[in-house]
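To be precise, the following lines are work.csv, and they hold CSV, C-alpha atoms.
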```csv
chain,number,residue,atom,x,y,z
A,1,MET,CA,141.1,48.8,127.9
A,2,PRO,CA,141.0,45.1,126.8
A,3,PHE,CA,137.4,44.4,127.7
A,4,GLU,CA,135.3,47.2,126.4
A,5,LEU,CA,133.1,46.4,123.5
A,6,GLU,CA,133.3,48.5,120.4
A,7,GLU,CA,129.8,49.9,120.6
A,8,GLN,CA,130.3,51.1,124.2
A,9,GLU,CA,133.5,52.9,123.2
A,10,ALA,CA,131.9,54.4,120.1
A,11,ILE,CA,129.1,56.0,122.2
A,12,GLY,CA,131.8,57.6,124.4
A,13,ARG,CA,133.7,58.9,121.4
A,14,ARG,CA,130.6,60.4,119.9
A,15,ILE,CA,129.8,62.2,123.2
A,16,LYS,CA,133.4,63.6,123.3
A,17,ARG,CA,133.3,64.6,119.6
A,18,GLN,CA,130.1,66.5,120.0
A,19,ARG,CA,131.3,68.2,123.2
A,20,LEU,CA,134.5,69.3,121.5
A,21,ARG,CA,132.5,70.5,118.5
A,22,LEU,CA,130.6,72.8,120.8
A,23,GLY,CA,133.8,73.9,122.6
A,24,MET,CA,132.4,72.6,125.9
A,25,ALA,CA,134.7,71.7,128.7
A,26,GLN,CA,134.3,68.2,130.2
A,27,ALA,CA,133.5,69.6,133.6
A,28,ASP,CA,130.7,71.8,132.1
A,29,LEU,CA,129.0,68.9,130.4
A,30,ALA,CA,129.3,66.8,133.6
A,31,ALA,CA,127.7,69.6,135.6
A,32,ALA,CA,124.9,70.0,133.1
A,33,VAL,CA,123.8,66.4,133.6
A,34,GLY,CA,124.4,66.3,137.4
A,35,LYS,CA,127.5,64.1,137.3
A,36,SER,CA,131.2,64.4,138.2
A,37,GLN,CA,134.0,65.1,135.7
A,38,GLY,CA,135.5,61.7,136.6
A,39,TRP,CA,132.2,60.0,135.7
A,40,LEU,CA,132.1,61.7,132.3
A,41,SER,CA,135.7,60.8,131.6
A,42,LYS,CA,134.9,57.1,132.1
A,43,VAL,CA,131.9,57.4,129.8
A,44,GLU,CA,133.9,59.1,127.1
A,45,SER,CA,136.7,56.6,127.3
A,46,GLY,CA,134.2,53.7,127.0
A,47,ARG,CA,134.8,52.4,130.6
A,48,LEU,CA,131.3,53.2,131.8
A,49,GLU,CA,128.1,51.9,130.2
A,50,LEU,CA,125.1,54.2,129.7
A,51,ASP,CA,122.0,52.0,130.4
A,52,ARG,CA,119.5,54.7,131.5
A,53,THR,CA,117.4,56.3,128.8
A,54,ALA,CA,116.9,59.5,130.8
A,55,LEU,CA,120.6,59.9,131.2
A,56,ILE,CA,121.3,59.5,127.5
A,57,ASN,CA,118.6,62.0,126.8
A,58,ARG,CA,120.0,64.5,129.3
A,59,ILE,CA,123.4,64.2,127.7
A,60,ALA,CA,122.0,64.7,124.2
A,61,ALA,CA,120.0,67.7,125.3
A,62,ALA,CA,123.1,69.3,126.9
A,63,LEU,CA,125.0,68.7,123.7
A,64,HIS,CA,122.1,70.0,121.5
A,65,CYS,CA,121.8,66.9,119.5
A,66,HIS,CA,119.4,64.0,119.2
A,67,PRO,CA,120.0,60.9,121.4
A,68,ASN,CA,120.2,58.8,118.3
A,69,ASP,CA,123.2,60.8,117.2
A,70,LEU,CA,125.1,59.5,120.3
A,71,ILE,CA,123.9,55.8,120.1
A,72,SER,CA,124.0,55.6,116.3
A,73,ARG,CA,120.5,54.5,115.7
A,74,PRO,CA,119.1,53.1,113.4
A,75,TYR,CA,121.6,50.2,114.0
A,76,ASN,CA,123.2,48.6,111.0
A,77,GLY,CA,122.5,45.0,110.4
A,78,ALA,CA,122.5,42.5,107.5
A,79,ALA,CA,120.8,43.7,104.3
A,80,PRO,CA,117.5,42.0,105.1
A,81,ASP,CA,117.4,43.7,108.5
A,82,ASN,CA,117.7,47.1,106.8
A,83,GLN,CA,114.8,46.7,104.3
A,84,TRP,CA,112.4,48.4,106.7
A,85,GLN,CA,114.0,51.7,105.9
A,86,MET,CA,112.6,51.6,102.4
A,87,ALA,CA,109.1,51.3,103.9
A,88,ALA,CA,109.8,54.2,106.3
A,89,ALA,CA,110.8,56.3,103.3
A,90,SER,CA,107.5,55.5,101.5
A,91,ILE,CA,105.6,56.5,104.7
A,92,LEU,CA,107.4,59.8,104.9
A,93,ARG,CA,106.6,60.5,101.2
A,94,GLU,CA,102.9,59.9,101.9
A,95,LEU,CA,103.0,62.1,105.1
A,96,ARG,CA,104.7,65.0,103.3
A,97,ARG,CA,102.0,65.2,100.7
A,98,TYR,CA,99.2,65.1,103.2
A,99,ASP,CA,97.4,68.2,101.9
A,100,LEU,CA,97.8,67.3,98.2
A,101,ALA,CA,95.3,65.3,96.1
A,102,PRO,CA,95.9,61.6,97.0
A,103,THR,CA,97.4,59.3,94.4
A,104,PHE,CA,95.1,56.3,94.8
A,105,ASP,CA,94.0,54.1,91.9
A,106,GLY,CA,90.5,52.7,92.1
A,107,VAL,CA,87.8,53.2,94.8
A,108,PRO,CA,88.8,53.3,98.4
A,109,ARG,CA,87.2,50.9,100.8
A,110,SER,CA,84.7,52.0,103.4
A,111,SER,CA,85.9,53.3,106.8
A,112,ALA,CA,84.5,50.1,108.4
A,113,MET,CA,86.8,48.0,106.3
A,114,LEU,CA,89.7,50.2,107.0
A,115,TRP,CA,89.1,50.0,110.7
A,116,GLY,CA,89.4,46.2,110.3
A,117,GLU,CA,92.9,46.9,109.0
A,118,MET,CA,93.6,48.9,112.1
A,119,ARG,CA,92.7,45.8,114.2
A,120,ARG,CA,95.2,43.8,112.2
A,121,LEU,CA,97.9,46.5,112.8
A,122,HIS,CA,97.0,46.4,116.5
A,123,ARG,CA,97.8,42.6,116.6
A,124,LEU,CA,101.1,43.2,114.8
A,125,ARG,CA,101.9,46.0,117.3
A,126,ASP,CA,101.2,43.7,120.2
A,127,ALA,CA,103.6,41.1,118.6
A,128,ALA,CA,106.2,43.9,118.2
A,129,ALA,CA,106.3,43.1,114.5
A,130,ASN,CA,107.4,46.6,113.6
A,131,VAL,CA,108.9,45.8,110.2
A,132,ALA,CA,105.5,44.3,109.1
A,133,ILE,CA,103.7,47.4,110.3
A,134,LEU,CA,105.9,49.7,108.4
A,135,ARG,CA,105.6,47.7,105.2
A,136,THR,CA,101.8,47.8,105.5
A,137,LEU,CA,101.3,51.5,106.2
A,138,PRO,CA,102.1,53.3,103.0
A,139,ASP,CA,99.1,51.8,101.1
A,140,LEU,CA,96.8,52.3,104.1
A,141,LEU,CA,97.8,55.9,104.5
A,142,ARG,CA,97.2,56.5,100.8
A,143,GLU,CA,93.8,54.8,100.9
A,144,ALA,CA,92.6,56.5,104.1
A,145,ARG,CA,93.5,59.9,102.6
A,146,ALA,CA,91.7,59.0,99.4
A,147,LEU,CA,88.6,58.0,101.3
A,148,ALA,CA,88.7,61.4,103.2
A,149,GLU,CA,88.9,63.1,99.8
A,150,VAL,CA,85.8,61.5,98.3
A,151,SER,CA,83.6,61.3,101.5
A,152,GLN,CA,81.4,63.6,103.5
A,153,GLY,CA,80.2,63.8,107.0
A,154,HIS,CA,80.8,60.9,109.4
A,155,GLU,CA,82.5,58.8,106.8
A,156,ARG,CA,85.0,61.5,106.1
A,157,GLU,CA,85.7,61.9,109.8
A,158,GLU,CA,86.2,58.2,110.2
A,159,ALA,CA,88.7,58.3,107.3
A,160,PHE,CA,90.7,60.9,109.1
A,161,GLY,CA,90.5,58.8,112.3
A,162,VAL,CA,92.0,55.9,110.4
A,163,TYR,CA,94.7,58.2,109.0
A,164,ALA,CA,95.6,59.3,112.5
A,165,LEU,CA,95.8,55.7,113.8
A,166,CYS,CA,98.1,54.8,110.9
A,167,CYS,CA,100.3,57.7,112.0
A,168,LYS,CA,100.2,56.3,115.6
A,169,PHE,CA,101.3,52.8,114.4
A,170,ALA,CA,104.1,54.3,112.3
A,171,HIS,CA,105.1,56.4,115.3
A,172,THR,CA,105.5,53.4,117.6
A,173,ALA,CA,107.4,51.4,115.0
A,174,ALA,CA,109.7,54.4,114.2
A,175,HIS,CA,110.5,54.7,117.9
A,176,ALA,CA,111.3,51.0,118.1
A,177,MET,CA,113.5,51.0,115.0
A,178,GLY,CA,115.2,54.4,115.7
A,179,HIS,CA,114.0,56.7,112.9
A,180,PRO,CA,113.7,60.2,114.4
A,181,GLU,CA,112.4,62.0,111.3
A,182,LEU,CA,109.5,59.5,111.0
A,183,VAL,CA,108.8,59.9,114.7
A,184,ALA,CA,108.5,63.6,114.4
A,185,THR,CA,106.5,63.6,111.1
A,186,THR,CA,104.0,61.0,112.2
A,187,CYS,CA,103.3,62.9,115.4
A,188,GLU,CA,102.5,66.1,113.5
A,189,ARG,CA,100.2,64.4,111.0
A,190,ALA,CA,98.4,62.4,113.8
A,191,ALA,CA,97.5,65.7,115.4
A,192,TRP,CA,96.3,67.2,112.1
A,193,ALA,CA,94.2,64.2,111.3
A,194,ALA,CA,92.8,63.8,114.9
A,195,GLY,CA,91.5,67.3,114.7
A,196,LEU,CA,89.5,66.4,111.6
A,197,SER,CA,88.3,63.0,112.9
A,198,GLY,CA,85.3,64.1,115.0
A,199,ASP,CA,86.7,61.8,117.7
A,200,PRO,CA,86.7,63.7,121.1
A,201,VAL,CA,89.5,61.5,122.5
A,202,LEU,CA,91.8,61.1,119.5
A,203,PRO,CA,93.5,64.6,119.9
A,204,ALA,CA,94.5,63.5,123.5
A,205,VAL,CA,96.0,60.4,122.0
A,206,SER,CA,98.1,62.5,119.6
A,207,ASP,CA,99.3,64.5,122.7
A,208,TRP,CA,100.1,61.2,124.3
A,209,MET,CA,102.4,60.6,121.3
A,210,ARG,CA,104.0,64.0,121.7
A,211,VAL,CA,104.8,63.4,125.3
A,212,TRP,CA,106.9,60.4,124.3
A,213,ASP,CA,108.8,62.6,121.8
A,214,MET,CA,109.5,65.2,124.5
A,215,TRP,CA,111.5,62.6,126.4
A,216,ALA,CA,114.1,62.6,123.7
A,217,THR,CA,115.1,66.2,124.5
A,218,ALA,CA,114.8,65.7,128.3
A,219,ASP,CA,111.9,68.2,128.5
A,220,TRP,CA,110.3,66.6,131.5
A,221,ASP,CA,108.4,69.7,132.7
A,222,ASP,CA,107.0,70.3,129.2
A,223,ALA,CA,106.0,66.6,129.0
A,224,LEU,CA,104.1,66.9,132.3
A,225,ALA,CA,102.4,70.1,131.1
A,226,LEU,CA,101.3,68.5,127.8
A,227,THR,CA,100.0,65.5,129.7
A,228,ASP,CA,97.9,67.7,131.9
A,229,LYS,CA,96.6,69.6,128.8
A,230,ALA,CA,95.5,66.3,127.2
A,231,LEU,CA,93.9,65.1,130.4
A,232,ARG,CA,91.9,68.3,130.7
A,233,SER,CA,90.7,67.9,127.1
A,234,ILE,CA,89.0,64.5,128.0
A,235,GLY,CA,88.1,65.3,131.6
A,236,ASP,CA,84.3,65.4,131.0
A,237,GLU,CA,84.3,62.1,129.0
A,238,PHE,CA,86.4,60.5,131.7
A,239,GLU,CA,84.1,61.7,134.5
A,240,HIS,CA,81.1,60.2,132.6
A,241,GLY,CA,82.9,56.9,132.3
A,242,GLU,CA,83.3,56.8,128.6
A,243,PRO,CA,85.4,53.7,128.2
A,244,LEU,CA,87.8,55.0,125.6
A,245,ALA,CA,88.4,58.2,127.6
A,246,VAL,CA,89.1,56.1,130.7
A,247,ARG,CA,91.7,54.2,128.8
A,248,ALA,CA,93.3,57.3,127.3
A,249,TRP,CA,93.2,59.0,130.7
A,250,GLY,CA,95.0,56.1,132.4
A,251,ALA,CA,97.6,55.9,129.6
A,252,LEU,CA,98.3,59.6,129.9
A,253,GLN,CA,98.8,59.3,133.7
A,254,LEU,CA,101.4,56.6,133.0
A,255,ARG,CA,103.1,58.9,130.6
A,256,GLY,CA,103.1,61.5,133.3
A,257,ALA,CA,104.5,59.1,135.9
A,258,VAL,CA,107.5,58.3,133.7
A,259,SER,CA,108.0,62.0,132.9
A,260,ALA,CA,108.0,62.8,136.6
A,261,ALA,CA,110.4,59.9,137.5
A,262,ARG,CA,112.9,61.1,134.8
A,263,ALA,CA,112.7,64.5,136.4
A,264,ASN,CA,113.6,62.8,139.8
A,265,ASN,CA,110.2,63.8,141.2
A,266,SER,CA,109.3,60.5,143.0
A,267,ALA,CA,106.2,62.0,144.8
A,268,GLU,CA,104.7,63.2,141.5
A,269,ALA,CA,105.5,59.9,139.8
A,270,ASP,CA,103.8,57.9,142.6
A,271,HIS,CA,100.8,60.2,142.5
A,272,ARG,CA,100.4,59.7,138.7
A,273,LEU,CA,100.7,55.9,139.2
A,274,GLY,CA,97.9,56.1,141.8
A,275,LEU,CA,95.7,57.9,139.4
A,276,ALA,CA,96.4,55.4,136.6
A,277,ARG,CA,95.6,52.6,139.1
A,278,GLN,CA,92.2,54.1,139.6
A,279,ALA,CA,91.6,54.1,135.8
A,280,GLY,CA,92.7,50.5,135.8
A,281,ASP,CA,90.2,49.6,138.5
A,282,ARG,CA,87.5,51.2,136.4
A,283,VAL,CA,88.5,49.2,133.4
A,284,ASP,CA,88.4,46.0,135.5
A,285,ALA,CA,84.9,46.9,136.8
A,286,GLU,CA,83.4,47.2,133.3
A,287,THR,CA,80.7,44.8,132.3
A,288,GLY,CA,79.1,43.9,129.1
A,289,PRO,CA,80.7,43.2,125.7
A,290,PRO,CA,84.4,43.8,125.3
A,291,ILE,CA,85.3,47.4,124.4
A,292,GLN,CA,87.0,47.8,121.0
A,293,ASP,CA,90.4,49.4,121.7
A,294,ARG,CA,89.9,51.9,118.9
A,295,HIS,CA,92.9,54.0,119.8
A,296,SER,CA,95.2,51.0,120.3
A,297,LEU,CA,96.4,52.1,123.7
A,298,THR,CA,96.2,48.6,125.4
A,299,PHE,CA,95.7,50.2,128.8
A,300,SER,CA,95.1,47.7,131.7
A,301,THR,CA,96.0,47.1,135.3
A,302,GLY,CA,98.9,44.9,134.1
A,303,ASN,CA,100.2,47.9,132.2
A,304,VAL,CA,100.0,50.0,135.4
A,305,GLN,CA,102.0,47.4,137.3
A,306,ILE,CA,104.8,47.2,134.8
A,307,HIS,CA,105.0,51.0,134.6
A,308,GLY,CA,105.4,51.0,138.4
A,309,ILE,CA,108.4,48.8,138.0
A,310,ASN,CA,109.8,51.0,135.2
A,311,VAL,CA,109.3,54.1,137.3
A,312,ALA,CA,111.2,52.5,140.2
A,313,LEU,CA,114.1,51.9,137.8
A,314,GLU,CA,114.0,55.4,136.5
A,315,MET,CA,114.5,56.4,140.1
A,316,SER,CA,117.5,54.0,140.3
A,317,ASP,CA,115.7,51.8,142.9
A,318,GLN,CA,116.2,48.3,141.6
A,319,ALA,CA,115.2,46.8,145.0
A,320,LYS,CA,111.8,48.4,144.8
A,321,ALA,CA,111.5,47.3,141.2
A,322,LEU,CA,112.1,43.7,142.1
A,323,ARG,CA,109.8,43.9,145.0
A,324,LEU,CA,107.0,45.4,142.9
A,325,ASN,CA,107.5,42.6,140.4
A,326,GLU,CA,107.1,40.0,143.1
A,327,GLU,CA,103.9,41.7,144.2
A,328,ALA,CA,102.5,42.1,140.6
A,329,SER,CA,99.6,39.9,139.6
A,330,ASP,CA,100.7,37.1,137.3
A,331,GLU,CA,97.1,37.0,135.9
A,332,HIS,CA,97.3,40.7,134.9
A,333,LEU,CA,100.8,40.4,133.5
A,334,ALA,CA,99.8,37.4,131.4
A,335,THR,CA,97.2,39.4,129.6
A,336,LEU,CA,99.8,41.9,128.3
A,337,PRO,CA,100.8,41.7,124.7
A,338,ASN,CA,104.3,40.5,123.8
A,339,SER,CA,105.5,44.0,123.1
A,340,ARG,CA,104.7,45.2,126.6
A,341,ARG,CA,106.0,42.0,128.2
A,342,GLY,CA,109.2,42.3,126.2
A,343,HIS,CA,109.7,45.8,127.6
A,344,HIS,CA,109.0,44.5,131.1
A,345,ARG,CA,111.6,41.7,130.8
A,346,MET,CA,114.1,44.3,129.6
A,347,ASP,CA,113.4,46.3,132.8
A,348,LEU,CA,113.8,43.2,135.0
A,349,ALA,CA,117.1,42.4,133.3
A,350,ARG,CA,118.4,45.8,134.3
A,351,ALA,CA,117.1,45.4,137.8
A,352,TRP,CA,118.8,42.1,138.3
A,353,LEU,CA,122.0,43.4,136.8
A,354,TRP,CA,122.1,46.4,139.1
A,355,ASP,CA,121.3,44.0,142.0
A,356,GLY,CA,124.4,42.0,141.1
A,357,ASP,CA,122.8,38.9,139.6
A,358,ARG,CA,124.2,38.8,136.1
A,359,HIS,CA,122.9,35.3,135.4
A,360,ARG,CA,119.3,36.2,136.3
A,361,ALA,CA,119.7,39.4,134.2
A,362,LEU,CA,120.7,37.3,131.2
A,363,ARG,CA,117.8,35.0,131.6
A,364,GLU,CA,115.4,37.9,131.7
A,365,LEU,CA,117.0,39.5,128.6
A,366,THR,CA,116.8,36.2,126.8
A,367,GLU,CA,113.1,35.9,127.6
A,368,ALA,CA,112.6,39.5,126.4
A,369,GLU,CA,114.2,38.6,123.1
A,370,HIS,CA,112.1,35.5,122.8
A,371,LEU,CA,108.9,37.6,123.3
A,372,ALA,CA,109.7,40.5,121.0
A,373,PRO,CA,112.9,39.9,119.0
A,374,GLN,CA,112.7,42.9,116.7
A,375,LEU,CA,112.0,45.3,119.6
A,376,VAL,CA,114.7,44.0,121.9
A,377,ARG,CA,117.5,43.7,119.4
A,378,ASN,CA,116.9,47.3,118.3
A,379,HIS,CA,116.5,48.7,121.8
A,380,PRO,CA,119.5,50.8,123.1
A,381,ILE,CA,118.9,49.8,126.7
A,382,ALA,CA,118.7,46.1,125.9
A,383,ARG,CA,122.0,46.4,124.0
A,384,ALA,CA,123.6,48.4,126.8
A,385,THR,CA,122.4,45.8,129.4
A,386,LEU,CA,123.9,43.0,127.3
A,387,ARG,CA,127.2,44.8,126.9
A,388,ARG,CA,127.4,45.3,130.7
A,389,ILE,CA,126.8,41.5,131.2
A,390,VAL,CA,129.4,40.6,128.7
A,391,TYR,CA,131.9,43.1,130.2
A,392,ALA,CA,131.3,41.8,133.7
A,393,GLU,CA,131.6,38.2,132.7
A,394,ARG,CA,134.8,38.8,130.8
A,395,ALA,CA,136.3,40.7,133.8
A,396,SER,CA,135.2,38.0,136.2
A,397,THR,CA,136.7,35.2,134.1
A,398,ARG,CA,140.0,37.2,133.7
A,399,GLU,CA,140.3,37.6,137.5
A,400,GLN,CA,139.6,33.9,138.1
A,401,LEU,CA,142.2,33.0,135.5
A,402,ARG,CA,144.7,35.5,137.0
A,403,GLY,CA,144.3,33.9,140.4
A,404,MET,CA,144.7,30.4,139.1
A,405,SER,CA,147.8,31.4,137.0
A,406,SER,CA,149.3,32.9,140.2
A,407,ARG,CA,148.7,29.6,142.1
A,408,PHE,CA,150.3,27.7,139.2
A,409,HIS,CA,153.2,30.2,139.2
A,410,LEU,CA,152.7,31.2,135.6
A,411,ASP,CA,154.0,34.5,134.2
A,412,ASP,CA,151.2,37.0,134.8
A,413,GLN,CA,152.9,39.6,132.7
A,414,GLU,CA,153.1,37.3,129.7
A,415,LEU,CA,149.5,36.0,130.0
A,416,PHE,CA,147.9,39.3,131.0
A,417,PRO,CA,149.7,42.1,129.3
```

Produce structure tokens that represent the structure in this file.
Amino acid sequence: MPFELEEQEAIGRRIKRQRLRLGMAQADLAAAVGKSQGWLSKVESGRLELDRTALINRIAAALHCHPNDLISRPYNGAAPDNQWQMAAASILRELRRYDLAPTFDGVPRSSAMLWGEMRRLHRLRDAAANVAILRTLPDLLREARALAEVSQGHEREEAFGVYALCCKFAHTAAHAMGHPELVATTCERAAWAAGLSGDPVLPAVSDWMRVWDMWATADWDDALALTDKALRSIGDEFEHGEPLAVRAWGALQLRGAVSAARANNSAEADHRLGLARQAGDRVDAETGPPIQDRHSLTFSTGNVQIHGINVALEMSDQAKALRLNEEASDEHLATLPNSRRGHHRMDLARAWLWDGDRHRALRELTEAEHLAPQLVRNHPIARATLRRIVYAERASTREQLRGMSSRFHLDDQELFP
């Protein structure tokens, strides 16, 4: 196999090693993920690239391991690229001692000032500056917990709201960088703090986080059930048009659409997208001063449009994904933050690659990296897409050279052993 890249081969070896560790036959694992034994053989030998998150997650679930165990995340880089792991360890330390007296020197700032810090984190999140987010969070978590300790009434509730949002920002960054322990712990602490915050929508936001985590174990039905539980919890606020509830309701419907698509339920996915579209219309119809996105969900019509494209790809329909992209409103897409636009460009790269246009795929992937470099370089699907492009380009070049060498009557066996 002269053209496979090392990382692609390594993923196949890890799958095979875990399968053998469990004493599972190749045919049994293939059947568990709905594929043929020949397909799995190609994956394990590094001759077939895994560039679908749902498929990686299904394999991991069948092998009773975390997807990161198969794709070796977090990825190793140069020493400066690994410094974020020190910040992640500090965050975990703070989260583990959540019910102990906080260790904070001095007097914590007011909740209003801490919410100002949340707006800064929102901007960093939109820029996909995940390392900067992780470095900022240990002190903020400590200060929010200290404020909750010394406050009463509404101020105490607001302190717990800040703590929950800090957990949400850590959760997003941990997903992007590939730190499963931090993902799980932030989700648990967000739910705890949301329940103490007095915010009627924040517990649903913590469930929105949990839905994301359920994807890792391919629990699509549970993900949909949890989505519906969260939707019911904010149903009254949504019906009354409470702006933050409308945004959370739409964001949850998008989570449900992706969950349904990964379960191969296209009708349910389309239904959820339609409901999210209704929420987007309500957001567009709002008048008056801009709504502060307190929960940092960044829900919008543009977000609904790019999720529709992602759902089409989850259903392996790249033609539909490309058509939806042509129909999408440039105006709405332009309002999306770099983090969302980077994800969108990664999806388009996959769509063009599956459609046979490697050069367009590479242009989209390059644009994704330009928009959100930390996100894209650490994203397993972006890496898999790039590997497929490189593999195909090398194979194409080899065949062109083989044909030319034949016309020149060169020795193929010597040139192409």

For His154 of chain A, which residue out of A:Leu140, A:Ser197, A:Thr103, A:Val131 is the nearest one, using all atoms listed in the file?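 Counting all atoms listed in the file, the residue closest to His154 of chain A is A:Ser197.
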
Under the rule that all atoms listed in the file are counted, which of A:Leu20, A:Leu121, A:Ala190, A:Ala132 is the nearest residue to Met177 of chain A?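 Looking at the shortest contact to Met177 of chain A, the residue is A:Ala132.
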
Do you know which residues are at most 8 Å from Ile133 of chain A counting only C-alpha atoms, after dropping those on the same chain fewer than 3 positions away, and could you put them as a JSON list (two decimals) with C-alpha atoms, in the frame of the given file?
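Printed below is out-v2.json as written:
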```
[["chain", "number", "residue", "atom", "x", "y", "z"],
["A", 121, "LEU", "CA", 97.90, 46.50, 112.80],
["A", 124, "LEU", "CA", 101.10, 43.20, 114.80],
["A", 125, "ARG", "CA", 101.90, 46.00, 117.30],
["A", 129, "ALA", "CA", 106.30, 43.10, 114.50],
["A", 130, "ASN", "CA", 107.40, 46.60, 113.60],
["A", 136, "THR", "CA", 101.80, 47.80, 105.50],
["A", 137, "LEU", "CA", 101.30, 51.50, 106.20],
["A", 169, "PHE", "CA", 101.30, 52.80, 114.40],
["A", 170, "ALA", "CA", 104.10, 54.30, 112.30],
["A", 173, "ALA", "CA", 107.40, 51.40, 115.00]]
```

Identify which of the residues A:His344, A:Arg262, A:Lys16, A:His240 lies closest to Ser316 of chain A, counting all atoms listed in the file when measuring atom-to-atom distances.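 Selected residue with least distance to Ser316 of chain A: A:Arg262.
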
Please provide the set of residues having any atom within 7 Å of Arg52 of chain A, restricted to only C-alpha atoms, with same-chain residues fewer than 3 positions apart removed, written as a short mmCIF file (atom, residue, chain, number, x, y, z; two decimals) with C-alpha atoms, keeping the file's coordinate frame.
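This went into out-v7.cif:
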```cif
data_model
loop_
_atom_site.label_atom_id
_atom_site.label_comp_id
_atom_site.auth_asym_id
_atom_site.auth_seq_id
_atom_site.Cartn_x
_atom_site.Cartn_y
_atom_site.Cartn_z
CA LEU A 55 120.60 59.90 131.20
CA ILE A 56 121.30 59.50 127.50
CA ILE A 381 118.90 49.80 126.70
#
```

Measuring atom to atom with all atoms listed in the file, identify which of A:Gly308, A:Gly12, A:Gly116, A:Gly46 is nearest to Arg294 of chain A. A:Gly116

Please provide as a list of chain:residue names all residues within 9 Å of Ala61 of chain A, with the sequence filter that same-chain residues fewer than 4 positions apart are discarded (counting only C-alpha atoms).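 My list of contacting residues is A:Ile56, A:Asn57, A:Cys65, A:His66, A:Pro67, A:Ala216, A:Thr217, A:Ala218, A:Asp219.
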
What is the distance, in Å and to one decimal place, between atom CA of Thr186 of chain A and atom CA of Pro203 of chain A?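 One can read the atom CA of Thr186 of chain A to atom CA of Pro203 of chain A distance as 13.5 Å.
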
Which residues are near Leu375 of chain A? Cut-off 12 Å, only C-alpha atoms, ignore same chain within fewer than 6 positions. Put them as a count of residues only. 29

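Distances here use all atoms listed in the file; by that measure, the residue among A:Glu181, A:Glu331, A:Glu326, A:Asp293 closest to Arg96 of chain A is A:Glu181.
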
Closest of A:Lys229, A:Gln278, A:Leu196, A:Val283 to Thr298 of chain A - atom-to-atom distances counting only C-alpha atoms: A:Val283

Please provide as a compact mmCIF listing (two decimals) with C-alpha atoms, in the coordinates of the input all residues within 10 Å of Leu40 of chain A, with the sequence filter that same-chain residues fewer than 5 positions apart are discarded (counting all atoms listed in the file).
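Result saved to out-v2.txt:
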```txt
# COMPACT_ATOMS: atom_id res chain seq x y z
CA GLY A 12 131.80 57.60 124.40
CA ILE A 15 129.80 62.20 123.20
CA LYS A 16 133.40 63.60 123.30
CA GLN A 26 134.30 68.20 130.20
CA ALA A 27 133.50 69.60 133.60
CA LEU A 29 129.00 68.90 130.40
CA ALA A 30 129.30 66.80 133.60
CA ALA A 31 127.70 69.60 135.60
CA VAL A 33 123.80 66.40 133.60
CA LYS A 35 127.50 64.10 137.30
CA SER A 45 136.70 56.60 127.30
CA GLY A 46 134.20 53.70 127.00
CA ARG A 47 134.80 52.40 130.60
CA LEU A 48 131.30 53.20 131.80
```

Mind listing whatever residues come within 12 Å of the point (106.7, 59.1, 133.0)? Use only C-alpha atoms, file coordinates, and give them as a PyMOL selection string. chain A and resi 53-54+208+211-215+218-225+227+251-266+268-273+276+304+307-315

Emit the selected residues as a tab-separated table (two decimals), keeping the file's coordinate frame, including C-alpha atoms.
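Saved as result_30.tsv:
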```
chain	number	residue	atom	x	y	z
A	53	THR	CA	117.40	56.30	128.80
A	54	ALA	CA	116.90	59.50	130.80
A	208	TRP	CA	100.10	61.20	124.30
A	211	VAL	CA	104.80	63.40	125.30
A	212	TRP	CA	106.90	60.40	124.30
A	213	ASP	CA	108.80	62.60	121.80
A	214	MET	CA	109.50	65.20	124.50
A	215	TRP	CA	111.50	62.60	126.40
A	218	ALA	CA	114.80	65.70	128.30
A	219	ASP	CA	111.90	68.20	128.50
A	220	TRP	CA	110.30	66.60	131.50
A	221	ASP	CA	108.40	69.70	132.70
A	222	ASP	CA	107.00	70.30	129.20
A	223	ALA	CA	106.00	66.60	129.00
A	224	LEU	CA	104.10	66.90	132.30
A	225	ALA	CA	102.40	70.10	131.10
A	227	THR	CA	100.00	65.50	129.70
A	251	ALA	CA	97.60	55.90	129.60
A	252	LEU	CA	98.30	59.60	129.90
A	253	GLN	CA	98.80	59.30	133.70
A	254	LEU	CA	101.40	56.60	133.00
A	255	ARG	CA	103.10	58.90	130.60
A	256	GLY	CA	103.10	61.50	133.30
A	257	ALA	CA	104.50	59.10	135.90
A	258	VAL	CA	107.50	58.30	133.70
A	259	SER	CA	108.00	62.00	132.90
A	260	ALA	CA	108.00	62.80	136.60
A	261	ALA	CA	110.40	59.90	137.50
A	262	ARG	CA	112.90	61.10	134.80
A	263	ALA	CA	112.70	64.50	136.40
A	264	ASN	CA	113.60	62.80	139.80
A	265	ASN	CA	110.20	63.80	141.20
A	266	SER	CA	109.30	60.50	143.00
A	268	GLU	CA	104.70	63.20	141.50
A	269	ALA	CA	105.50	59.90	139.80
A	270	ASP	CA	103.80	57.90	142.60
A	271	HIS	CA	100.80	60.20	142.50
A	272	ARG	CA	100.40	59.70	138.70
A	273	LEU	CA	100.70	55.90	139.20
A	276	ALA	CA	96.40	55.40	136.60
A	304	VAL	CA	100.00	50.00	135.40
A	307	HIS	CA	105.00	51.00	134.60
A	308	GLY	CA	105.40	51.00	138.40
A	309	ILE	CA	108.40	48.80	138.00
A	310	ASN	CA	109.80	51.00	135.20
A	311	VAL	CA	109.30	54.10	137.30
A	312	ALA	CA	111.20	52.50	140.20
A	313	LEU	CA	114.10	51.90	137.80
A	314	GLU	CA	114.00	55.40	136.50
A	315	MET	CA	114.50	56.40	140.10
```

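Between atom CA of Arg387 of chain A and atom CA of Gln18 of chain A the separation is 23.0 Å.
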